[in-house]
Amino acid sequence: MNEELIAKNIKNEVLIENFKRYFDILESSNKELFKDKYWSKAQQLYNSIDSENKENLKEFIKMVMIESVTEVLAFVDGIATFDEQEYPFELFYNNIKISGSLQEYLLMDIEGNGFK
């Protein structure tokens, strides 16, 4: 598995599948209130807004998810480091270094193919 394929899998399995799951849960839960306080608050918010603002919320959540994942990938790629971190992280798969461009490949895939 190379960096480009890993980035595509991150997009599909982490970003898109979780995005769909979150909103499928919210959209199908109109009748029964969630017991978890965070899901309950999200449910109340989602149910209180009109369809146009639901779409706006979805776009905002996409942005937050993409920025969060790409920020983590900046550390995995060794582009960013934590304070007092002596050496950048390196990610290996099957004894081959695969970090360095994951963030870039993910952003290129989203830019070229969208969030779908």
# chains A, B, ... in the order shown; residues from 1 in each chain; ligands from 1
call {"tool": "residues_around", "arguments": {"residues": "segment 54-64 of chain A", "least_positions_apart": "4", "cutoff": "9 Å", "atoms": "only C-alpha atoms", "output": "mmCIF file with all heavy atoms, in the first residue's frame"}}
result
data_model
loop_
_atom_site.group_PDB
_atom_site.id
_atom_site.type_symbol
_atom_site.label_atom_id
_atom_site.label_comp_id
_atom_site.auth_asym_id
_atom_site.auth_seq_id
_atom_site.Cartn_x
_atom_site.Cartn_y
_atom_site.Cartn_z
ATOM 1 N N LEU A 15 -13.143 9.834 6.825
ATOM 2 C CA LEU A 15 -13.911 11.058 6.608
ATOM 3 C C LEU A 15 -15.333 10.768 6.100
ATOM 4 O O LEU A 15 -16.315 11.082 6.763
ATOM 5 C CB LEU A 15 -13.180 11.981 5.634
ATOM 6 C CG LEU A 15 -11.877 12.584 6.152
ATOM 7 C CD1 LEU A 15 -11.160 13.344 5.049
ATOM 8 C CD2 LEU A 15 -12.151 13.494 7.334
ATOM 9 N N ILE A 16 -15.435 10.191 4.929
ATOM 10 C CA ILE A 16 -16.743 10.050 4.289
ATOM 11 C C ILE A 16 -17.661 9.099 5.053
ATOM 12 O O ILE A 16 -18.832 9.421 5.295
ATOM 13 C CB ILE A 16 -16.583 9.628 2.820
ATOM 14 C CG1 ILE A 16 -15.915 10.772 2.049
ATOM 15 C CG2 ILE A 16 -17.934 9.264 2.199
ATOM 16 C CD1 ILE A 16 -15.535 10.440 0.628
ATOM 17 N N PHE A 19 -18.755 10.735 8.313
ATOM 18 C CA PHE A 19 -19.673 11.829 8.009
ATOM 19 C C PHE A 19 -21.067 11.277 7.713
ATOM 20 O O PHE A 19 -22.066 11.748 8.269
ATOM 21 C CB PHE A 19 -19.141 12.650 6.826
ATOM 22 C CG PHE A 19 -20.055 13.759 6.407
ATOM 23 C CD1 PHE A 19 -20.030 14.976 7.060
ATOM 24 C CD2 PHE A 19 -20.950 13.572 5.356
ATOM 25 C CE1 PHE A 19 -20.881 16.006 6.672
ATOM 26 C CE2 PHE A 19 -21.792 14.596 4.962
ATOM 27 C CZ PHE A 19 -21.760 15.812 5.626
ATOM 28 N N PHE A 23 -24.590 11.805 10.144
ATOM 29 C CA PHE A 23 -25.817 12.442 9.673
ATOM 30 C C PHE A 23 -26.934 11.440 9.430
ATOM 31 O O PHE A 23 -28.113 11.794 9.591
ATOM 32 C CB PHE A 23 -25.535 13.337 8.468
ATOM 33 C CG PHE A 23 -24.920 14.638 8.902
ATOM 34 C CD1 PHE A 23 -23.551 14.817 8.864
ATOM 35 C CD2 PHE A 23 -25.710 15.655 9.415
ATOM 36 C CE1 PHE A 23 -22.979 16.007 9.308
ATOM 37 C CE2 PHE A 23 -25.147 16.849 9.859
ATOM 38 C CZ PHE A 23 -23.776 17.017 9.802
ATOM 39 N N TYR A 46 -29.742 19.885 15.423
ATOM 40 C CA TYR A 46 -30.086 19.467 14.060
ATOM 41 C C TYR A 46 -31.589 19.582 13.812
ATOM 42 O O TYR A 46 -32.018 20.061 12.767
ATOM 43 C CB TYR A 46 -29.597 18.038 13.817
ATOM 44 C CG TYR A 46 -29.668 17.624 12.377
ATOM 45 C CD1 TYR A 46 -28.722 18.082 11.461
ATOM 46 C CD2 TYR A 46 -30.675 16.784 11.923
ATOM 47 C CE1 TYR A 46 -28.791 17.712 10.127
ATOM 48 C CE2 TYR A 46 -30.741 16.409 10.596
ATOM 49 C CZ TYR A 46 -29.796 16.878 9.703
ATOM 50 O OH TYR A 46 -29.862 16.514 8.381
ATOM 51 N N ASN A 47 -32.376 19.165 14.778
ATOM 52 C CA ASN A 47 -33.835 19.208 14.622
ATOM 53 C C ASN A 47 -34.389 20.631 14.686
ATOM 54 O O ASN A 47 -35.509 20.870 14.258
ATOM 55 C CB ASN A 47 -34.516 18.325 15.663
ATOM 56 C CG ASN A 47 -34.269 16.856 15.404
ATOM 57 O OD1 ASN A 47 -33.928 16.451 14.297
ATOM 58 N ND2 ASN A 47 -34.421 16.048 16.429
ATOM 59 N N ILE A 49 -33.117 23.333 13.183
ATOM 60 C CA ILE A 49 -32.775 24.185 12.040
ATOM 61 C C ILE A 49 -33.489 23.710 10.775
ATOM 62 O O ILE A 49 -33.840 22.534 10.646
ATOM 63 C CB ILE A 49 -31.242 24.263 11.818
ATOM 64 C CG1 ILE A 49 -30.620 22.881 11.612
ATOM 65 C CG2 ILE A 49 -30.574 24.964 13.001
ATOM 66 C CD1 ILE A 49 -29.124 22.891 11.365
ATOM 67 N N ASP A 50 -33.677 24.654 9.854
ATOM 68 C CA ASP A 50 -34.356 24.321 8.603
ATOM 69 C C ASP A 50 -33.404 23.569 7.664
ATOM 70 O O ASP A 50 -32.211 23.430 7.933
ATOM 71 C CB ASP A 50 -34.928 25.572 7.941
ATOM 72 C CG ASP A 50 -33.875 26.602 7.556
ATOM 73 O OD1 ASP A 50 -32.700 26.235 7.330
ATOM 74 O OD2 ASP A 50 -34.223 27.791 7.457
ATOM 75 N N SER A 68 -9.164 18.715 10.588
ATOM 76 C CA SER A 68 -8.644 17.937 11.717
ATOM 77 C C SER A 68 -7.764 16.787 11.245
ATOM 78 O O SER A 68 -6.663 16.576 11.763
ATOM 79 C CB SER A 68 -9.800 17.397 12.563
ATOM 80 O OG SER A 68 -10.534 18.450 13.138
ATOM 81 N N VAL A 69 -8.253 16.046 10.258
ATOM 82 C CA VAL A 69 -7.483 14.907 9.757
ATOM 83 C C VAL A 69 -6.196 15.382 9.084
ATOM 84 O O VAL A 69 -5.126 14.803 9.289
ATOM 85 C CB VAL A 69 -8.331 14.034 8.806
ATOM 86 C CG1 VAL A 69 -7.468 13.017 8.080
ATOM 87 C CG2 VAL A 69 -9.422 13.330 9.586
ATOM 88 N N PHE A 115 -15.677 15.583 -1.934
ATOM 89 C CA PHE A 115 -15.912 14.845 -0.683
ATOM 90 C C PHE A 115 -17.053 13.861 -0.926
ATOM 91 O O PHE A 115 -18.184 14.062 -0.539
ATOM 92 C CB PHE A 115 -16.276 15.840 0.427
ATOM 93 C CG PHE A 115 -16.255 15.256 1.809
ATOM 94 C CD1 PHE A 115 -15.098 15.287 2.559
ATOM 95 C CD2 PHE A 115 -17.393 14.706 2.369
ATOM 96 C CE1 PHE A 115 -15.080 14.760 3.846
ATOM 97 C CE2 PHE A 115 -17.383 14.179 3.646
ATOM 98 C CZ PHE A 115 -16.217 14.214 4.387
#
call {"tool": "select_by_dssp", "arguments": {"residues": "chain A", "states": "strand (DSSP E)", "output": "MDAnalysis selection string"}}
result
chainID A and resid 92:93 96:97
call {"tool": "write_last_selection", "arguments": {"atoms": "N, CA and C atoms", "output": "compact mmCIF listing (two decimals), in the first residue's frame"}}
result
# COMPACT_ATOMS: atom_id res chain seq x y z
N PHE A 92 5.76 3.72 8.85
CA PHE A 92 6.25 2.65 7.99
C PHE A 92 5.16 1.60 7.79
N TYR A 93 5.12 1.05 6.59
CA TYR A 93 4.23 -0.06 6.26
C TYR A 93 5.07 -1.10 5.55
N ILE A 96 8.57 -0.11 4.75
CA ILE A 96 8.78 0.97 3.79
C ILE A 96 8.17 2.24 4.37
N LYS A 97 8.96 3.33 4.35
CA LYS A 97 8.46 4.60 4.86
C LYS A 97 7.34 5.11 3.94
call {"tool": "closest_residue", "arguments": {"among": "A:Gln85, A:Asn53, A:Gln43, A:Asn113", "to": "Ile25 of chain A", "atoms": "only C-alpha atoms"}}
result
A:Gln43
call {"tool": "select_by_dssp", "arguments": {"residues": "chain A", "states": "alpha helix (DSSP H)", "output": "JSON, numbers by chain"}}
result
{"A": [3, 4, 5, 6, 7, 8, 9, 17, 18, 19, 20, 21, 22, 23, 24, 25, 26, 27, 37, 38, 39, 40, 41, 42, 43, 44, 45, 46, 47, 48, 51, 52, 53, 54, 55, 56, 57, 58, 59, 60, 61, 62, 63, 64, 65, 66, 67, 68, 69, 70, 71, 72, 73, 74, 75, 76, 102, 103, 104, 105, 106, 107, 108, 109, 110, 111, 112, 113]}
call {"tool": "closest_residue", "arguments": {"among": "A:Ala80, A:Val14, A:Ile66, A:Met1", "to": "Ile110 of chain A", "atoms": "only C-alpha atoms"}}
result
A:Ile66
call {"tool": "atom_distance", "arguments": {"atom1": "atom CA of Glu84 of chain A", "atom2": "atom CA of Met65 of chain A"}}
result
26.8 Å
call {"tool": "closest_residue", "arguments": {"among": "A:Glu67, A:Glu52, A:Lys41, A:Pro88", "to": "Gly100 of chain A", "atoms": "only C-alpha atoms"}}
result
A:Pro88
call {"tool": "residues_around", "arguments": {"residues": "Leu26 of chain A", "least_positions_apart": "2", "cutoff": "10 Å", "atoms": "only C-alpha atoms", "output": "list in words"}}
result
Lys20, Arg21, Tyr22, Phe23, Asp24, Ser28, Ser29, Asn30, Phe34, Trp39, Ser40, Ala42, Gln43, Gln44, Leu45, Tyr46 and Asn47 of chain A
call {"tool": "decode", "arguments": {"residues": "segment 25-42 of chain A", "atoms": "N, CA and C atoms", "output": "JSON list (two decimals), in the first residue's frame"}}
result
[["chain", "number", "residue", "atom", "x", "y", "z"],
["A", 25, "ILE", "N", -27.49, 8.99, 11.43],
["A", 25, "ILE", "CA", -28.02, 8.84, 12.79],
["A", 25, "ILE", "C", -28.91, 10.03, 13.14],
["A", 26, "LEU", "N", -28.41, 11.24, 12.86],
["A", 26, "LEU", "CA", -29.21, 12.43, 13.19],
["A", 26, "LEU", "C", -30.51, 12.48, 12.40],
["A", 27, "GLU", "N", -30.46, 12.14, 11.12],
["A", 27, "GLU", "CA", -31.64, 12.22, 10.27],
["A", 27, "GLU", "C", -32.68, 11.15, 10.58],
["A", 28, "SER", "N", -32.25, 10.04, 11.14],
["A", 28, "SER", "CA", -33.20, 8.95, 11.42],
["A", 28, "SER", "C", -33.63, 8.91, 12.88],
["A", 29, "SER", "N", -33.29, 9.91, 13.64],
["A", 29, "SER", "CA", -33.56, 9.86, 15.08],
["A", 29, "SER", "C", -34.54, 10.92, 15.55],
["A", 30, "ASN", "N", -35.50, 11.25, 14.73],
["A", 30, "ASN", "CA", -36.44, 12.31, 15.08],
["A", 30, "ASN", "C", -37.35, 11.96, 16.25],
["A", 31, "LYS", "N", -37.62, 10.70, 16.46],
["A", 31, "LYS", "CA", -38.62, 10.30, 17.44],
["A", 31, "LYS", "C", -38.06, 10.05, 18.83],
["A", 32, "GLU", "N", -36.93, 9.38, 18.91],
["A", 32, "GLU", "CA", -36.38, 8.99, 20.22],
["A", 32, "GLU", "C", -35.16, 9.83, 20.55],
["A", 33, "LEU", "N", -35.15, 10.38, 21.75],
["A", 33, "LEU", "CA", -34.03, 11.20, 22.18],
["A", 33, "LEU", "C", -32.82, 10.34, 22.54],
["A", 34, "PHE", "N", -31.66, 10.85, 22.23],
["A", 34, "PHE", "CA", -30.43, 10.14, 22.58],
["A", 34, "PHE", "C", -30.19, 10.22, 24.08],
["A", 35, "LYS", "N", -29.60, 9.19, 24.63],
["A", 35, "LYS", "CA", -29.26, 9.19, 26.05],
["A", 35, "LYS", "C", -27.91, 9.89, 26.28],
["A", 36, "ASP", "N", -27.00, 9.78, 25.33],
["A", 36, "ASP", "CA", -25.70, 10.44, 25.43],
["A", 36, "ASP", "C", -25.91, 11.95, 25.33],
["A", 37, "LYS", "N", -25.35, 12.70, 26.28],
["A", 37, "LYS", "CA", -25.64, 14.14, 26.32],
["A", 37, "LYS", "C", -25.11, 14.87, 25.08],
["A", 38, "TYR", "N", -23.99, 14.45, 24.52],
["A", 38, "TYR", "CA", -23.43, 15.13, 23.35],
["A", 38, "TYR", "C", -24.26, 14.84, 22.10],
["A", 39, "TRP", "N", -24.68, 13.59, 21.94],
["A", 39, "TRP", "CA", -25.55, 13.25, 20.82],
["A", 39, "TRP", "C", -26.90, 13.93, 20.98],
["A", 40, "SER", "N", -27.38, 14.01, 22.21],
["A", 40, "SER", "CA", -28.66, 14.66, 22.48],
["A", 40, "SER", "C", -28.60, 16.14, 22.09],
["A", 41, "LYS", "N", -27.51, 16.81, 22.43],
["A", 41, "LYS", "CA", -27.36, 18.22, 22.07],
["A", 41, "LYS", "C", -27.27, 18.38, 20.55],
["A", 42, "ALA", "N", -26.55, 17.49, 19.90],
["A", 42, "ALA", "CA", -26.44, 17.54, 18.44],
["A", 42, "ALA", "C", -27.80, 17.30, 17.80]]
